[in-house]
file upload.cif (mmCIF, C-alpha atoms)
data_structure
#
loop_
_atom_site.group_PDB
_atom_site.id
_atom_site.type_symbol
_atom_site.label_atom_id
_atom_site.label_comp_id
_atom_site.auth_asym_id
_atom_site.auth_seq_id
_atom_site.Cartn_x
_atom_site.Cartn_y
_atom_site.Cartn_z
ATOM 1 C CA MET A 1 106.996 119.897 89.572
ATOM 2 C CA THR A 2 109.798 122.024 90.798
ATOM 3 C CA ALA A 3 112.410 122.037 93.519
ATOM 4 C CA ALA A 4 113.684 124.236 96.292
ATOM 5 C CA LYS A 5 116.342 124.665 98.927
ATOM 6 C CA PRO A 6 115.446 124.101 102.529
ATOM 7 C CA ALA A 7 114.391 126.729 104.917
ATOM 8 C CA ALA A 8 116.491 129.205 106.822
ATOM 9 C CA GLU A 9 119.553 129.122 104.615
ATOM 10 C CA ARG A 10 117.700 129.588 101.332
ATOM 11 C CA ALA A 11 114.394 130.859 100.132
ATOM 12 C CA ALA A 12 112.138 128.488 98.316
ATOM 13 C CA GLU A 13 113.523 127.830 94.853
ATOM 14 C CA PRO A 14 111.473 125.097 93.190
ATOM 15 C CA VAL A 15 112.536 122.602 90.588
ATOM 16 C CA ALA A 16 110.246 121.347 87.921
ATOM 17 C CA GLY A 17 105.892 120.036 87.345
ATOM 18 C CA ASP A 18 100.799 117.526 85.072
ATOM 19 C CA ALA A 19 102.099 118.099 87.462
ATOM 20 C CA ILE A 20 103.282 120.305 87.664
ATOM 21 C CA ALA A 21 112.485 120.457 88.427
ATOM 22 C CA PRO A 22 116.257 120.459 88.885
ATOM 23 C CA ALA A 23 118.981 122.716 90.391
ATOM 24 C CA ASP A 24 119.527 124.648 93.617
ATOM 25 C CA THR A 25 120.086 128.324 93.050
ATOM 26 C CA SER A 26 119.117 131.078 95.434
ATOM 27 C CA PRO A 27 115.615 130.462 96.746
ATOM 28 C CA GLY A 28 115.123 126.732 96.311
ATOM 29 C CA ARG A 29 115.894 123.561 94.379
ATOM 30 C CA ALA A 30 115.437 122.801 90.728
ATOM 31 C CA PRO A 31 116.762 120.770 87.821
ATOM 32 C CA GLY A 32 120.352 120.064 88.630
ATOM 33 C CA ALA A 33 119.995 121.448 92.125
ATOM 34 C CA THR A 34 121.975 120.342 95.118
ATOM 35 C CA PRO A 35 119.905 117.785 97.036
ATOM 36 C CA PRO A 36 118.287 119.431 100.034
ATOM 37 C CA PRO A 37 119.503 118.448 103.499
ATOM 38 C CA ALA A 38 116.177 116.814 104.345
ATOM 39 C CA PRO A 39 116.453 113.018 104.809
ATOM 40 C CA LEU A 40 115.455 110.969 101.794
ATOM 41 C CA VAL A 41 112.407 109.624 103.627
ATOM 42 C CA ALA A 42 111.190 113.198 104.185
ATOM 43 C CA ARG A 43 111.765 114.092 100.554
ATOM 44 C CA ALA A 44 109.960 110.973 99.326
ATOM 45 C CA ALA A 45 107.086 111.769 101.702
ATOM 46 C CA ALA A 46 106.904 115.292 100.287
ATOM 47 C CA GLU A 47 106.721 113.877 96.757
ATOM 48 C CA PHE A 48 103.976 111.465 97.823
ATOM 49 C CA VAL A 49 101.927 114.146 99.577
ATOM 50 C CA GLY A 50 102.440 116.722 96.838
ATOM 51 C CA THR A 51 101.490 114.382 93.998
ATOM 52 C CA ALA A 52 98.485 113.058 95.923
ATOM 53 C CA ALA A 53 97.275 116.589 96.645
ATOM 54 C CA LEU A 54 97.809 117.639 93.025
ATOM 55 C CA VAL A 55 95.743 114.743 91.670
ATOM 56 C CA ALA A 56 93.078 115.305 94.320
ATOM 57 C CA VAL A 57 92.820 118.909 93.112
ATOM 58 C CA VAL A 58 92.642 117.894 89.448
ATOM 59 C CA VAL A 59 90.100 115.105 89.927
ATOM 60 C CA GLY A 60 88.085 116.777 92.683
ATOM 61 C CA SER A 61 87.676 120.071 90.835
ATOM 62 C CA GLY A 62 86.674 118.134 87.729
ATOM 63 C CA ILE A 63 83.934 116.313 89.627
ATOM 64 C CA GLN A 64 82.741 119.532 91.252
ATOM 65 C CA ALA A 65 82.661 121.333 87.905
ATOM 66 C CA THR A 66 80.531 118.669 86.213
ATOM 67 C CA ARG A 67 78.065 118.819 89.105
ATOM 68 C CA LEU A 68 77.713 122.584 88.881
ATOM 69 C CA THR A 69 77.377 123.055 85.123
ATOM 70 C CA ASP A 70 76.826 121.150 81.890
ATOM 71 C CA ASP A 71 78.891 123.662 79.929
ATOM 72 C CA VAL A 72 82.128 121.841 78.995
ATOM 73 C CA ALA A 73 84.035 125.105 78.586
ATOM 74 C CA LEU A 74 83.098 126.193 82.111
ATOM 75 C CA GLN A 75 83.992 122.744 83.406
ATOM 76 C CA LEU A 76 87.469 123.015 81.895
ATOM 77 C CA LEU A 77 87.840 126.584 83.171
ATOM 78 C CA ALA A 78 86.986 125.522 86.711
ATOM 79 C CA ASN A 79 89.268 122.488 86.486
ATOM 80 C CA SER A 80 92.239 124.450 85.127
ATOM 81 C CA THR A 81 91.805 127.344 87.573
ATOM 82 C CA ALA A 82 91.781 125.047 90.598
ATOM 83 C CA THR A 83 94.846 123.231 89.253
ATOM 84 C CA VAL A 84 96.790 126.474 88.756
ATOM 85 C CA PHE A 85 96.209 127.659 92.311
ATOM 86 C CA GLY A 86 96.670 124.225 93.861
ATOM 87 C CA LEU A 87 99.908 123.517 92.001
ATOM 88 C CA GLY A 88 101.386 126.905 92.833
ATOM 89 C CA VAL A 89 100.707 126.430 96.533
ATOM 90 C CA LEU A 90 102.135 122.902 96.557
ATOM 91 C CA ILE A 91 105.353 123.976 94.821
ATOM 92 C CA ALA A 92 105.837 126.879 97.235
ATOM 93 C CA LEU A 93 105.164 124.640 100.253
ATOM 94 C CA LEU A 94 107.095 121.490 99.353
ATOM 95 C CA GLY A 95 109.761 122.845 97.024
ATOM 96 C CA PRO A 96 112.169 123.548 99.908
ATOM 97 C CA VAL A 97 111.867 119.907 101.019
ATOM 98 C CA SER A 98 112.044 117.768 97.866
ATOM 99 C CA GLY A 99 112.229 120.181 94.969
ATOM 100 C CA ALA A 100 108.501 119.643 94.368
ATOM 101 C CA HIS A 101 108.860 117.500 91.251
ATOM 102 C CA PHE A 102 105.531 115.615 91.609
ATOM 103 C CA ASN A 103 106.374 114.234 88.178
ATOM 104 C CA PRO A 104 108.540 111.258 87.118
ATOM 105 C CA ALA A 105 109.383 113.011 83.834
ATOM 106 C CA VAL A 106 110.935 115.903 85.756
ATOM 107 C CA THR A 107 112.749 113.585 88.161
ATOM 108 C CA LEU A 108 114.137 111.486 85.301
ATOM 109 C CA ALA A 109 115.206 114.616 83.424
ATOM 110 C CA GLU A 110 117.027 115.967 86.466
ATOM 111 C CA TRP A 111 118.710 112.625 87.100
ATOM 112 C CA TRP A 112 119.823 112.443 83.463
ATOM 113 C CA THR A 113 121.318 115.937 83.486
ATOM 114 C CA THR A 114 123.220 115.331 86.737
ATOM 115 C CA ARG A 115 124.132 111.634 86.362
ATOM 116 C CA ARG A 116 127.830 112.385 85.881
ATOM 117 C CA GLY A 117 128.318 114.049 89.217
ATOM 118 C CA GLY A 118 126.322 117.274 89.030
ATOM 119 C CA ALA A 119 124.111 118.495 91.833
ATOM 120 C CA GLY A 120 120.609 117.033 91.794
ATOM 121 C CA VAL A 121 118.783 113.760 92.301
ATOM 122 C CA ASN A 122 120.927 110.634 92.175
ATOM 123 C CA ALA A 123 119.902 107.042 91.391
ATOM 124 C CA ARG A 124 118.876 106.437 95.008
ATOM 125 C CA ASP A 125 116.675 109.528 95.011
ATOM 126 C CA LEU A 126 115.178 108.484 91.678
ATOM 127 C CA ALA A 127 114.286 105.061 93.064
ATOM 128 C CA ALA A 128 112.466 106.714 95.973
ATOM 129 C CA TYR A 129 110.829 109.644 94.195
ATOM 130 C CA VAL A 130 109.157 107.853 91.274
ATOM 131 C CA PRO A 131 107.286 105.185 93.302
ATOM 132 C CA ALA A 132 106.237 107.871 95.806
ATOM 133 C CA GLN A 133 104.860 109.983 92.967
ATOM 134 C CA VAL A 134 102.947 107.110 91.369
ATOM 135 C CA VAL A 135 101.451 105.849 94.641
ATOM 136 C CA GLY A 136 100.656 109.434 95.595
ATOM 137 C CA ALA A 137 98.811 110.021 92.313
ATOM 138 C CA ILE A 138 96.682 106.895 92.776
ATOM 139 C CA THR A 139 95.965 107.881 96.374
ATOM 140 C CA GLY A 140 94.930 111.373 95.300
ATOM 141 C CA ALA A 141 92.465 110.055 92.727
ATOM 142 C CA ILE A 142 90.905 107.676 95.263
ATOM 143 C CA LEU A 143 90.715 110.462 97.856
ATOM 144 C CA ALA A 144 88.931 112.789 95.433
ATOM 145 C CA ASP A 145 86.415 110.076 94.538
ATOM 146 C CA ALA A 146 85.833 109.409 98.240
ATOM 147 C CA MET A 147 85.201 113.101 98.995
ATOM 148 C CA PHE A 148 82.525 113.293 96.314
ATOM 149 C CA GLY A 149 80.876 109.934 97.018
ATOM 150 C CA GLU A 150 82.103 108.333 93.800
ATOM 151 C CA PRO A 151 83.238 104.683 93.634
ATOM 152 C CA LEU A 152 86.714 104.643 95.170
ATOM 153 C CA VAL A 153 88.185 102.825 92.173
ATOM 154 C CA LYS A 154 86.388 102.779 88.842
ATOM 155 C CA TRP A 155 88.482 102.548 85.708
ATOM 156 C CA SER A 156 87.973 105.528 83.449
ATOM 157 C CA GLN A 157 86.133 105.045 80.158
ATOM 158 C CA HIS A 158 87.560 108.269 78.709
ATOM 159 C CA ASP A 159 89.551 107.161 75.671
ATOM 160 C CA ARG A 160 92.424 109.503 74.857
ATOM 161 C CA SER A 161 94.312 107.511 72.228
ATOM 162 C CA ALA A 162 93.916 109.768 69.186
ATOM 163 C CA GLY A 163 97.141 110.827 67.500
ATOM 164 C CA ASN A 164 96.482 114.537 67.923
ATOM 165 C CA LEU A 165 96.138 114.038 71.694
ATOM 166 C CA LEU A 166 99.442 112.170 71.821
ATOM 167 C CA LEU A 167 101.100 115.050 69.964
ATOM 168 C CA GLY A 168 99.581 117.394 72.539
ATOM 169 C CA GLU A 169 101.347 115.456 75.306
ATOM 170 C CA VAL A 170 104.709 115.764 73.547
ATOM 171 C CA VAL A 171 104.254 119.526 73.271
ATOM 172 C CA ALA A 172 102.962 119.922 76.833
ATOM 173 C CA THR A 173 105.801 117.938 78.408
ATOM 174 C CA ALA A 174 108.528 119.479 76.259
ATOM 175 C CA GLY A 175 107.329 122.935 77.245
ATOM 176 C CA LEU A 176 107.264 122.036 80.927
ATOM 177 C CA ILE A 177 110.819 120.657 80.879
ATOM 178 C CA LEU A 178 112.050 123.674 78.895
ATOM 179 C CA LEU A 179 110.472 126.007 81.433
ATOM 180 C CA ILE A 180 111.782 124.294 84.553
ATOM 181 C CA PHE A 181 115.313 123.658 83.357
ATOM 182 C CA GLY A 182 115.440 127.024 81.636
ATOM 183 C CA LEU A 183 114.636 128.719 84.940
ATOM 184 C CA ALA A 184 117.356 126.638 86.573
ATOM 185 C CA ARG A 185 119.930 127.555 83.900
ATOM 186 C CA THR A 186 119.160 131.265 84.338
ATOM 187 C CA ASP A 187 119.114 131.160 88.138
ATOM 188 C CA ARG A 188 115.434 132.127 88.353
ATOM 189 C CA LEU A 189 113.937 129.087 90.057
ATOM 190 C CA ARG A 190 112.419 131.395 92.649
ATOM 191 C CA PHE A 191 109.738 132.086 90.047
ATOM 192 C CA ALA A 192 108.871 128.398 89.661
ATOM 193 C CA PRO A 193 105.663 128.349 91.774
ATOM 194 C CA VAL A 194 104.081 131.028 89.601
ATOM 195 C CA ALA A 195 105.748 130.116 86.309
ATOM 196 C CA VAL A 196 105.092 126.365 86.396
ATOM 197 C CA ALA A 197 101.500 126.755 87.619
ATOM 198 C CA SER A 198 100.833 129.412 84.964
ATOM 199 C CA TYR A 199 102.272 127.213 82.219
ATOM 200 C CA ILE A 200 100.127 124.236 83.226
ATOM 201 C CA GLY A 201 97.046 126.463 83.340
ATOM 202 C CA ALA A 202 97.759 127.764 79.841
ATOM 203 C CA ALA A 203 98.565 124.294 78.520
ATOM 204 C CA TYR A 204 95.157 123.050 79.682
ATOM 205 C CA TRP A 205 93.787 125.270 76.928
ATOM 206 C CA PHE A 206 96.383 125.353 74.167
ATOM 207 C CA THR A 207 97.112 121.598 73.987
ATOM 208 C CA SER A 208 94.638 119.093 72.580
ATOM 209 C CA SER A 209 95.289 116.692 75.475
ATOM 210 C CA THR A 210 94.655 119.320 78.204
ATOM 211 C CA SER A 211 98.271 118.850 79.283
ATOM 212 C CA PHE A 212 98.710 115.879 81.585
ATOM 213 C CA ALA A 213 102.509 116.191 81.044
ATOM 214 C CA ASN A 214 103.107 113.821 83.964
ATOM 215 C CA PRO A 215 103.332 109.991 83.952
ATOM 216 C CA ALA A 216 102.316 109.640 87.621
ATOM 217 C CA VAL A 217 99.278 111.870 87.211
ATOM 218 C CA THR A 218 98.341 109.952 84.077
ATOM 219 C CA ILE A 219 98.354 106.667 86.004
ATOM 220 C CA GLY A 220 96.385 108.143 88.884
ATOM 221 C CA ARG A 221 93.706 109.566 86.604
ATOM 222 C CA ALA A 222 93.037 106.099 85.153
ATOM 223 C CA PHE A 223 91.563 105.131 88.535
ATOM 224 C CA THR A 224 88.611 107.528 88.318
ATOM 225 C CA ASP A 225 85.771 107.425 85.800
ATOM 226 C CA THR A 226 85.103 111.151 86.085
ATOM 227 C CA PHE A 227 85.785 114.353 84.126
ATOM 228 C CA ALA A 228 89.578 114.154 84.544
ATOM 229 C CA GLY A 229 89.894 110.415 83.888
ATOM 230 C CA ILE A 230 91.827 108.588 81.191
ATOM 231 C CA ALA A 231 91.083 105.053 80.033
ATOM 232 C CA PRO A 232 93.726 102.515 81.127
ATOM 233 C CA SER A 233 94.178 101.568 77.468
ATOM 234 C CA SER A 234 95.333 105.142 76.750
ATOM 235 C CA VAL A 235 97.824 105.381 79.624
ATOM 236 C CA ALA A 236 100.823 103.730 77.926
ATOM 237 C CA GLY A 237 100.541 105.973 74.868
ATOM 238 C CA PHE A 238 100.363 109.112 77.002
ATOM 239 C CA ILE A 239 103.344 108.112 79.121
ATOM 240 C CA GLY A 240 105.379 107.211 76.042
ATOM 241 C CA MET A 241 104.711 110.624 74.494
ATOM 242 C CA GLN A 242 105.471 112.371 77.783
ATOM 243 C CA LEU A 243 108.893 110.732 77.849
ATOM 244 C CA VAL A 244 109.459 111.766 74.233
ATOM 245 C CA GLY A 245 108.447 115.286 75.234
ATOM 246 C CA ALA A 246 110.897 115.247 78.146
ATOM 247 C CA VAL A 247 113.751 114.323 75.785
ATOM 248 C CA ALA A 248 112.670 117.055 73.358
ATOM 249 C CA GLY A 249 112.491 119.544 76.222
ATOM 250 C CA LEU A 250 116.028 118.740 77.372
ATOM 251 C CA ALA A 251 117.268 119.107 73.792
ATOM 252 C CA LEU A 252 115.632 122.531 73.602
ATOM 253 C CA VAL A 253 117.248 123.544 76.887
ATOM 254 C CA ALA A 254 120.653 122.523 75.556
ATOM 255 C CA VAL A 255 120.186 124.659 72.435
ATOM 256 C CA VAL A 256 118.311 127.675 73.779
ATOM 257 C CA PHE A 257 120.363 127.984 76.962
ATOM 258 C CA MET A 258 123.658 126.915 75.441
ATOM 259 C CA ARG A 259 126.582 127.892 77.645
ATOM 260 C CA PRO A 260 129.223 130.058 75.918
ATOM 261 C CA GLY A 261 132.448 128.286 74.988
ATOM 262 C CA PRO A 262 135.878 129.442 76.148
ATOM 263 C CA ASP A 263 136.375 131.487 72.982
ATOM 264 C CA ALA A 264 132.916 133.064 73.021
#
call {"tool": "encode", "arguments": {"input": "upload.cif", "output": "structure tokens"}}
result
Amino acid sequence: MTAAKPAAERAAEPVAGDAIAPADTSPGRAPGATPPPAPLVARAAAEFVGTAALVAVVVGSGIQATRLTDDVALQLLANSTATVFGLGVLIALLGPVSGAHFNPAVTLAEWWTTRRGGAGVNARDLAAYVPAQVVGAITGAILADAMFGEPLVKWSQHDRSAGNLLLGEVVATAGLILLIFGLARTDRLRFAPVAVASYIGAAYWFTSSTSFANPAVTIGRAFTDTFAGIAPSSVAGFIGMQLVGAVAGLALVAVVFMRPGPDA
């Protein structure tokens, strides 16, 4: 969900990412960041591992919560708290390698903003990152089910197709993109592990959809019929609204963080 520069030369400056970016600044990589020196295979592996671990945290904590209490509010609190801590750790750990996107919406947004020669992911990176994220998300859901003795693959029955939930995904994703690319524009990507994780934790509660904000995570969560699941029939709608949210987020970045003109 974010990005960061590699080791000794730079501190960890994450990029974007339900789940939880672009350009390289001082401590790591983010939207529009210079691709880290790590080989593409290492970066793709980091995206796979990070997305798998993120989904394992989301699904696993959801299963654990439902086994410990019948109170839905406590279940959501446990689920969101585990996600906040897990996402923050993953961004701090893997940001210096791949930028810690863990999210096709973030990767696509970074590619779009740097497609004309700027620093950031190129088409080759995009082609490696997105499949790694999707396969990682599916792997994470299966791993979580395995740890808790659930069927390894059982399609979720949790319908999430209501219009208000789709609106929630637009808001959640737009906010995530605004945050990540806003940090990149203001050279504060070093705050990404805390900022992105905090945003996702808050969005669990203030959005009607509980803030998936991530196409890969959405696909992965369809593979588990547990607390965090989403019915396969609802996946396309969620992903469509996430992409709309990503476009809206980039538009907000362009307006809010508008660069001064020569006569300004």
call {"tool": "closest_atom_pairs", "arguments": {"input": "upload.cif", "of": "stretch 193-214 of chain A", "to": "stretch 85-100 of chain A", "cutoff": "10 Å", "atoms": "only C-alpha atoms", "output": "tab-separated table"}}
result
residue	atom	partner	partner_atom	distance
A:Pro193	CA	A:Gly88	CA	4.6
A:Val194	CA	A:Gly88	CA	5.9
A:Ala195	CA	A:Gly88	CA	8.5
A:Val196	CA	A:Gly88	CA	7.4
A:Ala197	CA	A:Gly88	CA	5.2
A:Ser198	CA	A:Gly88	CA	8.3
A:Ile200	CA	A:Leu87	CA	8.8
A:Gly201	CA	A:Phe85	CA	9.1
call {"tool": "resolve_selection", "arguments": {"input": "upload.cif", "expression": "the PyMOL selection byres ((chain A and resi 124) around 12)", "output": "PyMOL selection string"}}
result
chain A and resi 35+40-41+43-44+107-108+111+115+120-123+125-131
call {"tool": "closest_residue", "arguments": {"input": "upload.cif", "among": "A:Gly245, A:Gly220, A:Gly229, A:Pro39", "to": "A:Thr139", "atoms": "all atoms listed in the file"}}
result
A:Gly220
call {"tool": "residues_around", "arguments": {"input": "upload.cif", "residues": "stretch 71-77 of chain A", "least_positions_apart": "3", "cutoff": "12 Å", "atoms": "all atoms listed in the file", "output": "list in words"}}
result
Val58, Val59, Gly60, Ser61, Gly62, Ile63, Gln64, Ala65, Thr66, Arg67, Leu68, Ser80, Thr81, Ala82, Thr83, Val84, Gly201, Ala202, Ala203, Tyr204, Trp205, Ser209, Thr210, Ser211, Thr226, Phe227 and Ala228 of chain A
call {"tool": "resolve_selection", "arguments": {"input": "upload.cif", "expression": "the PyMOL selection byres ((chain A and resi 240) around 12)", "output": "list in words"}}
result
Ala105, Ser161, Leu166, Leu167, Glu169, Val170, Thr173, Ala213, Asn214, Pro215, Thr218, Ser234, Val235, Ala236, Gly237, Phe238, Ile239, Met241, Gln242, Leu243, Val244, Gly245, Ala246 and Val247 of chain A
call {"tool": "closest_residue", "arguments": {"input": "upload.cif", "among": "A:Ala38, A:Val153, A:Leu189, A:Ala251", "to": "A:Ile177", "atoms": "all atoms listed in the file"}}
result
A:Ala251
call {"tool": "residues_near_point", "arguments": {"input": "upload.cif", "point": "(107.0, 116.6, 95.2)", "cutoff": "6 Å", "atoms": "only C-alpha atoms", "output": "list in words"}}
result
Ala46, Glu47, Gly50, Ser98, Ala100, His101 and Phe102 of chain A
call {"tool": "resolve_selection", "arguments": {"input": "upload.cif", "expression": "the PyMOL selection byres ((chain A and resi 225) around 7)", "output": "ChimeraX atom specification"}}
result
/A:154-157,223-224,226,229
